$ cat entry38.tsv   # TSV, C-alpha atoms
chain	number	residue	atom	x	y	z
K	1026	MET	CA	9.84	12.51	-13.12
K	1027	PRO	CA	6.41	12.31	-11.50
K	1028	ASP	CA	4.86	15.19	-9.62
K	1029	ALA	CA	7.07	15.78	-6.55
K	1030	SER	CA	4.04	15.77	-4.24
K	1031	TYR	CA	3.67	12.03	-4.86
K	1032	VAL	CA	7.33	11.06	-4.36
K	1033	ASP	CA	8.26	9.59	-0.98
K	1034	ASP	CA	11.81	9.14	0.26
K	1035	ALA	CA	12.41	5.58	-0.89
K	1036	ARG	CA	16.12	5.80	-0.04
K	1037	GLU	CA	15.38	5.47	3.65
K	1038	ARG	CA	15.57	2.00	5.11
K	1039	THR	CA	12.24	0.21	4.72
K	1040	ASP	CA	10.58	-0.31	8.10
K	1041	VAL	CA	8.63	-3.46	8.99
K	1042	THR	CA	5.43	-1.45	8.79
K	1043	ASP	CA	6.24	-0.07	5.34
K	1044	VAL	CA	4.88	-2.88	3.15
K	1045	THR	CA	1.58	-4.73	3.04
K	1046	VAL	CA	1.24	-7.87	0.93
K	1047	VAL	CA	-2.28	-8.28	-0.47
K	1048	VAL	CA	-3.55	-11.71	-1.48
K	1049	VAL	CA	-6.97	-11.86	-3.14
K	1050	THR	CA	-8.62	-15.27	-2.93
K	1051	TRP	CA	-11.80	-17.04	-3.90
K	1052	GLN	CA	-12.39	-20.67	-2.95
K	1053	ARG	CA	-9.33	-22.98	-3.27
K	1054	ARG	CA	-8.41	-22.86	0.40
K	1055	ASP	CA	-5.38	-25.06	-0.33
K	1056	LEU	CA	-3.90	-22.49	-2.68
K	1057	VAL	CA	-4.14	-19.51	-0.36
K	1058	LEU	CA	-2.67	-21.46	2.56
K	1059	SER	CA	0.34	-22.48	0.44
K	1060	CYS	CA	0.72	-18.90	-0.76
K	1061	LEU	CA	0.68	-17.53	2.79
K	1062	ASP	CA	3.16	-20.18	3.88
K	1063	SER	CA	5.59	-18.84	1.26
K	1064	LEU	CA	5.05	-15.32	2.63
K	1065	ALA	CA	5.82	-16.55	6.15
K	1066	ARG	CA	9.29	-17.52	4.85
K	1067	GLN	CA	10.15	-14.05	3.49
K	1068	THR	CA	13.43	-12.47	4.57
K	1069	THR	CA	11.72	-9.09	5.04
K	1070	SER	CA	9.06	-8.32	7.63
K	1071	HIS	CA	5.71	-7.24	6.26
K	1072	ARG	CA	2.00	-7.07	6.89
K	1073	VAL	CA	-0.40	-9.47	5.20
K	1074	LEU	CA	-3.92	-8.61	4.07
K	1075	VAL	CA	-6.06	-11.43	2.67
K	1076	VAL	CA	-9.11	-10.32	0.69
K	1077	ASP	CA	-11.68	-13.13	0.61
K	1078	ASN	CA	-14.13	-12.78	-2.27
K	1079	ALA	CA	-17.02	-14.44	-0.43
K	1080	SER	CA	-15.48	-17.93	-0.43
K	1081	THR	CA	-17.73	-20.71	0.77
K	1082	ASP	CA	-15.03	-23.36	1.34
K	1083	GLY	CA	-13.81	-22.11	4.71
K	1084	SER	CA	-10.86	-20.17	3.29
K	1085	SER	CA	-11.18	-17.27	5.75
K	1086	GLU	CA	-11.55	-19.57	8.72
K	1087	ALA	CA	-8.51	-21.62	7.69
K	1088	VAL	CA	-6.41	-18.49	7.23
K	1089	ALA	CA	-7.47	-17.13	10.61
K	1090	VAL	CA	-6.42	-20.36	12.35
K	1091	THR	CA	-3.19	-21.02	10.44
K	1092	PHE	CA	-1.97	-17.43	10.01
K	1093	PRO	CA	-3.47	-15.43	12.89
K	1094	GLU	CA	-1.16	-12.49	12.19
K	1095	ALA	CA	-2.81	-11.92	8.79
K	1096	LYS	CA	-5.60	-9.40	8.50
K	1097	ILE	CA	-8.65	-10.72	6.64
K	1098	LEU	CA	-11.04	-8.54	4.65
K	1099	ARG	CA	-14.18	-10.57	3.95
K	1100	LEU	CA	-16.23	-9.21	1.05
K	1101	PRO	CA	-19.99	-9.89	0.80
K	1102	LYS	CA	-19.75	-11.02	-2.83
K	1103	ASN	CA	-17.16	-12.04	-5.40
K	1104	VAL	CA	-15.88	-8.84	-7.03
K	1105	GLY	CA	-12.98	-10.51	-8.83
K	1106	PHE	CA	-9.30	-9.72	-8.59
K	1107	ALA	CA	-9.74	-6.09	-9.66
K	1108	GLY	CA	-12.48	-5.43	-7.12
K	1109	GLY	CA	-10.59	-7.27	-4.40
K	1110	VAL	CA	-7.41	-5.25	-4.89
K	1111	ALA	CA	-9.38	-2.01	-5.05
K	1112	ALA	CA	-11.07	-2.90	-1.75
K	1113	ALA	CA	-7.68	-3.69	-0.23
K	1114	MET	CA	-6.20	-0.34	-1.25
K	1115	SER	CA	-8.65	1.48	1.00
K	1116	GLU	CA	-7.21	-0.54	3.90
K	1117	VAL	CA	-3.53	-0.06	3.05
K	1118	GLY	CA	-1.66	2.68	4.89
K	1119	THR	CA	1.89	1.47	4.31
K	1120	ARG	CA	4.33	3.16	1.95
K	1121	PHE	CA	4.44	0.11	-0.32
K	1122	VAL	CA	1.83	-2.45	-1.28
K	1123	ALA	CA	2.66	-5.84	-2.78
K	1124	LEU	CA	0.26	-8.04	-4.74
K	1125	LEU	CA	0.67	-11.81	-4.87
K	1126	ASN	CA	-1.68	-14.24	-6.60
K	1127	ASN	CA	-3.28	-16.84	-4.36
K	1128	ASP	CA	-1.96	-19.53	-6.73
K	1129	ALA	CA	1.64	-18.32	-6.47
K	1130	LEU	CA	4.56	-19.25	-4.22
K	1131	ALA	CA	7.12	-16.55	-3.50
K	1132	GLU	CA	10.77	-17.44	-3.04
K	1133	PRO	CA	12.08	-16.24	0.37
K	1134	GLU	CA	13.91	-13.18	-1.03
K	1135	TRP	CA	11.08	-12.09	-3.35
K	1136	LEU	CA	9.85	-9.17	-1.27
K	1137	GLU	CA	13.30	-8.02	-0.21
K	1138	ALA	CA	14.53	-7.95	-3.82
K	1139	CYS	CA	11.52	-5.87	-4.90
K	1140	LEU	CA	12.00	-3.37	-2.09
K	1141	VAL	CA	15.69	-2.92	-2.93
K	1142	ALA	CA	14.72	-2.11	-6.53
K	1143	MET	CA	12.11	0.30	-5.19
K	1144	GLN	CA	14.86	2.46	-3.65
K	1145	ASP	CA	14.94	4.29	-6.99
K	1146	PRO	CA	12.52	7.17	-6.25
K	1147	GLY	CA	11.34	7.34	-9.87
K	1148	VAL	CA	10.05	3.76	-9.84
K	1149	ALA	CA	6.40	3.11	-9.00
K	1150	ALA	CA	6.26	-0.65	-9.66
K	1151	VAL	CA	8.70	-3.55	-9.43
K	1152	THR	CA	7.42	-6.58	-11.30
K	1153	SER	CA	8.73	-10.09	-10.63
K	1154	LYS	CA	10.14	-13.09	-12.44
K	1155	MET	CA	7.13	-15.41	-12.50
K	1156	LEU	CA	7.95	-19.00	-13.42
K	1157	LEU	CA	5.42	-21.61	-14.44
K	1158	VAL	CA	5.04	-24.52	-12.04
K	1159	THR	CA	5.65	-27.72	-13.98
K	1160	THR	CA	4.68	-31.22	-12.82
K	1161	GLY	CA	5.16	-34.79	-13.91
K	1162	SER	CA	8.79	-34.73	-15.12
K	1163	GLY	CA	10.47	-35.07	-11.75
K	1164	VAL	CA	12.80	-32.20	-12.70
K	1165	GLU	CA	11.64	-28.61	-12.57
K	1166	ALA	CA	11.81	-26.85	-15.93
K	1167	ARG	CA	12.41	-23.12	-15.47
K	1168	VAL	CA	9.83	-21.73	-17.88
K	1169	VAL	CA	8.87	-18.06	-17.79
K	1170	ASN	CA	5.26	-17.14	-17.12
K	1171	ASN	CA	5.76	-13.38	-16.88
K	1172	ALA	CA	8.75	-11.04	-16.74
K	1173	GLY	CA	6.78	-7.83	-17.15
K	1174	VAL	CA	4.04	-6.74	-19.56
K	1175	VAL	CA	4.63	-5.85	-23.21
K	1176	LEU	CA	2.39	-3.54	-25.25
K	1177	LEU	CA	1.99	-5.30	-28.61
K	1178	ALA	CA	1.53	-3.54	-31.94
K	1179	SER	CA	-2.10	-4.72	-31.78
K	1180	LEU	CA	-2.33	-2.81	-28.45
K	1181	TYR	CA	-2.98	-6.02	-26.56
K	1182	GLY	CA	-0.98	-6.48	-23.38
K	1183	ALA	CA	1.18	-9.63	-23.32
K	1184	ASP	CA	3.33	-11.54	-20.84
K	1185	ARG	CA	6.97	-10.80	-21.58
K	1186	GLY	CA	8.81	-14.10	-22.01
K	1187	LEU	CA	5.77	-16.37	-21.77
K	1188	GLY	CA	6.77	-19.98	-22.45
K	1189	GLU	CA	10.46	-19.19	-22.89
K	1190	HIS	CA	13.29	-20.85	-20.98
K	1191	ASP	CA	14.49	-18.82	-18.02
K	1192	GLY	CA	17.83	-17.98	-19.62
K	1193	SER	CA	20.34	-15.17	-19.31
K	1194	ARG	CA	17.98	-12.63	-20.88
K	1195	TYR	CA	15.79	-12.84	-17.78
K	1196	ASP	CA	18.67	-12.45	-15.33
K	1197	VAL	CA	19.04	-8.74	-16.06
K	1198	PRO	CA	17.01	-5.92	-14.45
K	1199	VAL	CA	15.30	-3.89	-17.18
K	1200	GLU	CA	12.60	-1.30	-17.58
K	1201	VAL	CA	9.35	-2.70	-18.99
K	1202	PHE	CA	6.09	-1.14	-20.11
K	1203	GLY	CA	3.93	-2.69	-17.42
K	1204	PHE	CA	3.71	-4.96	-14.41
K	1205	SER	CA	1.85	-8.18	-13.71
K	1206	GLY	CA	-0.60	-7.96	-10.85
K	1207	GLY	CA	0.28	-11.56	-10.01
K	1208	ALA	CA	3.51	-10.57	-8.25
K	1209	VAL	CA	4.48	-6.93	-7.88
K	1210	VAL	CA	5.45	-4.27	-5.35
K	1211	LEU	CA	3.90	-0.85	-5.87
K	1212	ARG	CA	4.37	2.61	-4.38
K	1213	THR	CA	1.08	3.18	-2.55
K	1214	LEU	CA	0.82	6.95	-3.04
K	1215	ALA	CA	1.61	6.62	-6.75
K	1216	VAL	CA	-1.18	4.05	-7.18
K	1217	LYS	CA	-3.72	6.18	-5.35
K	1218	ALA	CA	-2.69	9.37	-7.17
K	1219	ALA	CA	-3.09	7.60	-10.52
K	1220	GLY	CA	-6.66	6.60	-9.66
K	1221	GLY	CA	-6.11	3.12	-8.24
K	1222	PHE	CA	-7.38	-0.13	-9.69
K	1223	ALA	CA	-10.49	-0.34	-11.86
K	1224	ASP	CA	-12.70	-2.13	-9.34
K	1225	GLU	CA	-15.61	-2.54	-11.77
K	1226	TRP	CA	-13.55	-4.57	-14.27
K	1227	PHE	CA	-13.73	-7.77	-12.18
K	1228	MET	CA	-10.54	-9.32	-13.63
K	1229	TYR	CA	-7.93	-8.91	-16.39
K	1230	TYR	CA	-6.19	-5.81	-17.72
K	1231	GLU	CA	-6.52	-3.94	-14.43
K	1232	ASP	CA	-2.72	-4.14	-14.08
K	1233	THR	CA	-1.98	-3.02	-17.66
K	1234	ASP	CA	-4.49	-0.18	-17.25
K	1235	LEU	CA	-2.74	1.04	-14.11
K	1236	SER	CA	0.65	0.63	-15.84
K	1237	TRP	CA	-0.59	3.01	-18.56
K	1238	ARG	CA	-1.68	5.57	-15.99
K	1239	LEU	CA	1.53	5.35	-13.97
K	1240	ARG	CA	3.54	5.95	-17.14
K	1241	LEU	CA	1.33	8.88	-18.11
K	1242	ALA	CA	2.07	10.35	-14.67
K	1243	GLY	CA	5.80	10.05	-15.33
K	1244	TRP	CA	6.65	6.97	-13.25
K	1245	ARG	CA	8.84	4.07	-14.35
K	1246	ILE	CA	8.21	0.33	-14.05
K	1247	VAL	CA	11.07	-2.15	-13.70
K	1248	TYR	CA	11.54	-5.91	-13.80
K	1249	GLU	CA	13.62	-7.43	-10.99
K	1250	PRO	CA	15.04	-10.91	-11.81
K	1251	ARG	CA	15.94	-11.70	-8.19
K	1252	ALA	CA	12.27	-11.43	-7.21
K	1253	VAL	CA	11.20	-14.98	-8.09
K	1254	VAL	CA	7.68	-16.38	-7.82
K	1255	ARG	CA	6.43	-19.76	-8.97
K	1256	HIS	CA	2.95	-19.59	-10.43
K	1257	LEU	CA	0.38	-22.32	-10.90
K	1258	HIS	CA	-0.97	-20.54	-13.99
K	1259	ALA	CA	-4.78	-20.29	-14.29
K	1260	ALA	CA	-5.36	-22.46	-11.22
K	1261	SER	CA	-8.21	-20.17	-10.19
K	1262	ALA	CA	-9.46	-19.15	-13.65
K	1263	ASP	CA	-9.99	-20.90	-16.98
K	1264	PRO	CA	-8.41	-19.08	-19.98
K	1265	ALA	CA	-10.67	-21.05	-22.34
K	1266	SER	CA	-13.88	-19.89	-20.66
K	1267	GLU	CA	-16.34	-17.32	-21.96
K	1268	GLY	CA	-15.80	-15.30	-18.80
K	1269	PHE	CA	-12.09	-14.98	-19.56
K	1270	ALA	CA	-12.75	-13.96	-23.18
K	1271	PHE	CA	-15.44	-11.44	-22.25
K	1272	HIS	CA	-13.48	-9.66	-19.51
K	1273	ASN	CA	-10.22	-9.78	-21.44
K	1274	GLU	CA	-11.66	-8.17	-24.59
K	1275	ARG	CA	-13.97	-5.71	-22.86
K	1276	ASN	CA	-11.33	-4.47	-20.44
K	1277	ARG	CA	-8.73	-4.06	-23.18
K	1278	LEU	CA	-11.05	-1.76	-25.11
K	1279	LEU	CA	-11.99	0.18	-21.99
K	1280	MET	CA	-8.31	0.54	-21.10
K	1281	LEU	CA	-7.49	2.01	-24.51
K	1282	LEU	CA	-10.47	4.36	-24.42
K	1283	ARG	CA	-9.33	5.65	-21.04
K	1284	ASP	CA	-5.54	5.74	-21.48
K	1285	ALA	CA	-4.39	5.62	-25.13
K	1286	PRO	CA	-4.43	8.34	-27.82
K	1287	ILE	CA	-8.01	8.61	-29.03
K	1288	SER	CA	-7.04	7.62	-32.59
K	1289	ALA	CA	-5.49	4.39	-31.32
K	1290	ALA	CA	-8.48	3.61	-29.11
K	1291	VAL	CA	-10.98	4.26	-31.92
K	1292	GLY	CA	-8.88	2.21	-34.33
K	1293	ALA	CA	-8.74	-0.79	-31.98
K	1294	THR	CA	-12.47	-0.59	-31.35
K	1295	GLY	CA	-13.16	-0.35	-35.08
K	1296	ARG	CA	-11.05	-3.43	-35.79
K	1297	PHE	CA	-12.95	-5.31	-33.11
K	1298	VAL	CA	-16.26	-4.34	-34.74
K	1299	LEU	CA	-15.08	-5.37	-38.21
K	1300	THR	CA	-13.71	-8.70	-36.95
K	1301	THR	CA	-17.00	-9.38	-35.17
K	1302	ALA	CA	-18.97	-8.70	-38.36
K	1303	SER	CA	-16.61	-10.92	-40.36
K	1304	LEU	CA	-16.97	-13.78	-37.89
K	1305	ALA	CA	-20.77	-13.45	-37.92
K	1306	ALA	CA	-20.79	-13.51	-41.73
K	1307	SER	CA	-18.53	-16.58	-41.80
K	1308	ARG	CA	-20.78	-18.44	-39.40
K	1309	ALA	CA	-23.88	-17.48	-41.37
K	1310	ALA	CA	-22.22	-18.82	-44.53
K	1311	ARG	CA	-21.23	-21.99	-42.63
K	1312	ARG	CA	-17.56	-21.35	-43.20
K	1313	SER	CA	-15.10	-22.82	-40.72
K	1314	VAL	CA	-14.52	-20.60	-37.68
K	1315	PRO	CA	-12.41	-21.53	-34.62
K	1316	ASP	CA	-14.56	-22.61	-31.69
K	1317	ALA	CA	-12.67	-20.59	-29.08
K	1318	ALA	CA	-14.90	-18.29	-27.04
K	1319	VAL	CA	-13.21	-15.14	-28.31
K	1320	PHE	CA	-14.41	-15.94	-31.87
K	1321	ARG	CA	-18.09	-16.25	-30.92
K	1322	PRO	CA	-20.06	-13.32	-32.38
K	1323	MET	CA	-22.62	-13.22	-29.58
K	1324	LEU	CA	-19.91	-12.91	-26.94
K	1325	ARG	CA	-18.23	-10.16	-28.94
K	1326	LEU	CA	-21.54	-8.32	-29.26
K	1327	ARG	CA	-21.88	-8.51	-25.48
K	1328	VAL	CA	-18.43	-6.94	-25.23
K	1329	LEU	CA	-19.42	-4.08	-27.53
K	1330	ARG	CA	-22.70	-3.52	-25.73
K	1331	ASP	CA	-20.94	-3.30	-22.36
K	1332	VAL	CA	-18.24	-0.99	-23.72
K	1333	ALA	CA	-20.94	1.29	-25.16
K	1334	TRP	CA	-22.80	1.33	-21.84
K	1335	ARG	CA	-19.61	2.24	-19.95
K	1336	PHE	CA	-18.38	4.70	-22.57
K	1337	PRO	CA	-19.64	7.96	-20.91
K	1338	GLN	CA	-18.03	7.07	-17.58
K	1339	THR	CA	-14.84	5.96	-19.34
K	1340	LEU	CA	-14.56	9.34	-21.04
K	1341	ARG	CA	-15.04	11.07	-17.67
K	1342	ASP	CA	-12.30	8.87	-16.20
K	1343	ARG	CA	-10.07	9.70	-19.17
K	1344	ARG	CA	-10.28	13.42	-18.42
K	1345	HIS	CA	-9.09	12.83	-14.85
K	1346	VAL	CA	-6.04	10.68	-15.63
K	1347	PRO	CA	-3.01	12.60	-14.22
K	1348	ARG	CA	-0.50	13.28	-16.99
K	1349	SER	CA	3.02	14.66	-17.19
K	1350	VAL	CA	3.77	12.58	-20.32
K	1351	SER	CA	1.61	12.60	-23.46
K	1352	ARG	CA	-0.37	9.53	-24.43
K	1353	ARG	CA	1.24	9.60	-27.86
K	1354	ASP	CA	4.75	9.59	-26.37
K	1355	VAL	CA	3.97	6.57	-24.19
K	1356	LEU	CA	2.52	4.74	-27.18
K	1357	ARG	CA	5.49	5.66	-29.40
K	1358	GLU	CA	8.07	4.60	-26.82
K	1359	TRP	CA	6.55	1.32	-25.72
K	1360	THR	CA	4.52	-0.22	-28.57
K	1361	GLY	CA	6.36	-3.42	-29.48
K	1362	ALA	CA	9.27	-2.72	-27.10
K	1363	THR	CA	9.87	-5.75	-24.87
K	1364	GLU	CA	12.31	-3.98	-22.57
K	1365	ARG	CA	14.72	-1.08	-22.23
K	1366	PRO	CA	17.93	-0.82	-20.15
K	1367	ALA	CA	17.24	0.02	-16.55
K	1368	ARG	CA	18.50	3.43	-15.50
K	1369	VAL	CA	21.28	3.45	-12.93
K	1370	VAL	CA	20.50	5.74	-10.01
K	1371	SER	CA	23.54	6.80	-8.00
$ encode --input "entry38.tsv" --output "structure tokens"
Amino acid sequence: MPDASYVDDARERTDVTDVTVVVVTWQRRDLVLSCLDSLARQTTSHRVLVVDNASTDGSSEAVAVTFPEAKILRLPKNVGFAGGVAAAMSEVGTRFVALLNNDALAEPEWLEACLVAMQDPGVAAVTSKMLLVTTGSGVEARVVNNAGVVLLASLYGADRGLGEHDGSRYDVPVEVFGFSGGAVVLRTLAVKAAGGFADEWFMYYEDTDLSWRLRLAGWRIVYEPRAVVRHLHAASADPASEGFAFHNERNRLLMLLRDAPISAAVGATGRFVLTTASLAASRAARRSVPDAAVFRPMLRLRVLRDVAWRFPQTLRDRRHVPRSVSRRDVLREWTGATERPARVVS
């Protein structure tokens, strides 16, 4: 169990003021309006906080007109999803905080289902069943986008169930290693006690990083199949871009250096260095190398340079991560484990 000073009485009935839904947006006014429309149909009352990352397409103005009950936090520059959520957390005073991607549509009972699962006082995060939005067939195919986050043997984080049919396996509540920031309900005090979101990471791995720290603090993370969200995957980011590759690889290494056993973090960094050298040698010898951004030596050198620059601060952050569970125990329990049975709390 986590430190008792951070446990609130989740068994009490959730009040209308107890949950704030945060939506971070940048451009794509159409997406955020559709997202907020799905929130307006929720079966549970809630507050809405829209964080606008300096959009120039009139997103804030459109939200203010169409959803006047929503609070809008306008940021002076684009600080990415990680920075946007971190900025929102300083504004959240409710017991629970929910995150929903601006390119996602929540089913009406999404929030209610998450809050019911949150009645277990040992749970800090309830992650959702995210389904990929499919078009063109005339019939919706129920394909999983994310049903929690898995810690692979390579120590990459991965979407549990990505690309699989939404079958019986995903109809069962289970405990998972981590949550997806695209659709989750979190215990506010637990997030803040664990150090919050890494605002300087811009985007990617901020949710897996926080999942690590919540687990180190003794909290559990569960997947709730009744909490359904449909996601227009990568509508506001391009997975093939250099920006995606850079932030994904850099933030993974920073996450391991902050949260994982030092031997695992050093090993992952060493493998990254060796792979970078191998790719550079292959290109110099004019051998065939995939053209994807993640295989470009110059981009990988940028990653290493930025990790080295941030290394002293990362080590300082590492020393301040609250822990009631050892890093090695978390790694041993969850590496390669897609799910574990959810505990029944009477």
$ atom_distance --input "entry38.tsv" --atom1 "CA of Arg1311 (chain K)" --atom2 "CA of Glu1267 (chain K)"
21.7 Å
$ residues_around --input "entry38.tsv" --residues "Leu1278 (chain K)" --least-positions-apart "5" --cutoff "12 Å" --atoms "only C-alpha atoms" --output "count of residues only"
37
$ residues_around --input "entry38.tsv" --residues "Leu1235 (chain K)" --least-positions-apart "5" --cutoff "10 Å" --atoms "all atoms listed in the file" --output "list in words"
Gly1203, Phe1204, Gly1206, Val1216, Ala1219, Gly1220, Gly1221, Phe1222, Ala1223, Tyr1230, Arg1240, Leu1241, Met1280 and Asp1284 of chain K
$ closest_residue --input "entry38.tsv" --among "K:Ala1306, K:Ala1138, K:Val1047, K:Ala1129" --to "Val1073 (chain K)" --atoms "only C-alpha atoms"
K:Val1047
$ atom_distance --input "entry38.tsv" --atom1 "CA of Val1175 (chain K)" --atom2 "CA of Val1355 (chain K)"
12.5 Å
$ residues_around --input "entry38.tsv" --residues "region 1243-1255 of chain K" --least-positions-apart "2" --cutoff "7 Å" --atoms "only C-alpha atoms" --output "PyMOL selection string"
chain K and resi 1026-1027+1129-1132+1134-1136+1138-1139+1147-1158+1172-1173+1195-1204+1239-1241+1257+1349-1350
$ atom_distance --input "entry38.tsv" --atom1 "CA of Leu1056 (chain K)" --atom2 "CA of Thr1159 (chain K)"
15.7 Å
$ residues_around --input "entry38.tsv" --residues "region 1083-1099 of chain K" --least-positions-apart "4" --cutoff "8 Å" --atoms "all atoms listed in the file" --output "list in words"
Trp1051, Gln1052, Arg1053, Arg1054, Val1057, Leu1058, Leu1061, Arg1072, Val1073, Leu1074, Val1075, Val1076, Asp1077, Asn1078, Ala1079 and Ala1113 of chain K
$ residues_near_point --input "entry38.tsv" --point "(-16.1, -9.1, -5.0)" --cutoff "9 Å" --atoms "only C-alpha atoms" --output "list in words"
Asp1077, Asn1078, Ala1079, Leu1100, Pro1101, Lys1102, Asn1103, Val1104, Gly1105, Phe1106, Ala1107, Gly1108, Gly1109, Ala1112, Asp1224 and Phe1227 of chain K
$ closest_residue --input "entry38.tsv" --among "K:Val1319, K:Leu1281, K:Ala1310, K:Val1168" --to "Gly1186 (chain K)" --atoms "only C-alpha atoms"
K:Val1168
$ axis_aligned_box --input "entry38.tsv" --around "region 1213-1223 of chain K" --padding-each-side "5 Å" --output "AutoDock Vina command-line options"
--center_x -4.4 --center_y 4.5 --center_z -7.2 --size_x 22.1 --size_y 19.7 --size_z 19.3
$ residues_around --input "entry38.tsv" --residues "Ala1265 (chain K)" --least-positions-apart "2" --cutoff "8 Å" --atoms "all atoms listed in the file" --output "list in words"
Asp1263, Glu1267, Phe1269, Ala1270, Ala1317 and Ala1318 of chain K
$ closest_residue --input "entry38.tsv" --among "K:Leu1140, K:Val1314, K:Leu1326, K:Leu1176" --to "Val1209 (chain K)" --atoms "all atoms listed in the file"
K:Leu1140
$ closest_residue --input "entry38.tsv" --among "K:Met1228, K:Asn1127, K:Thr1213, K:Val1169" --to "Arg1194 (chain K)" --atoms "all atoms listed in the file"
K:Val1169
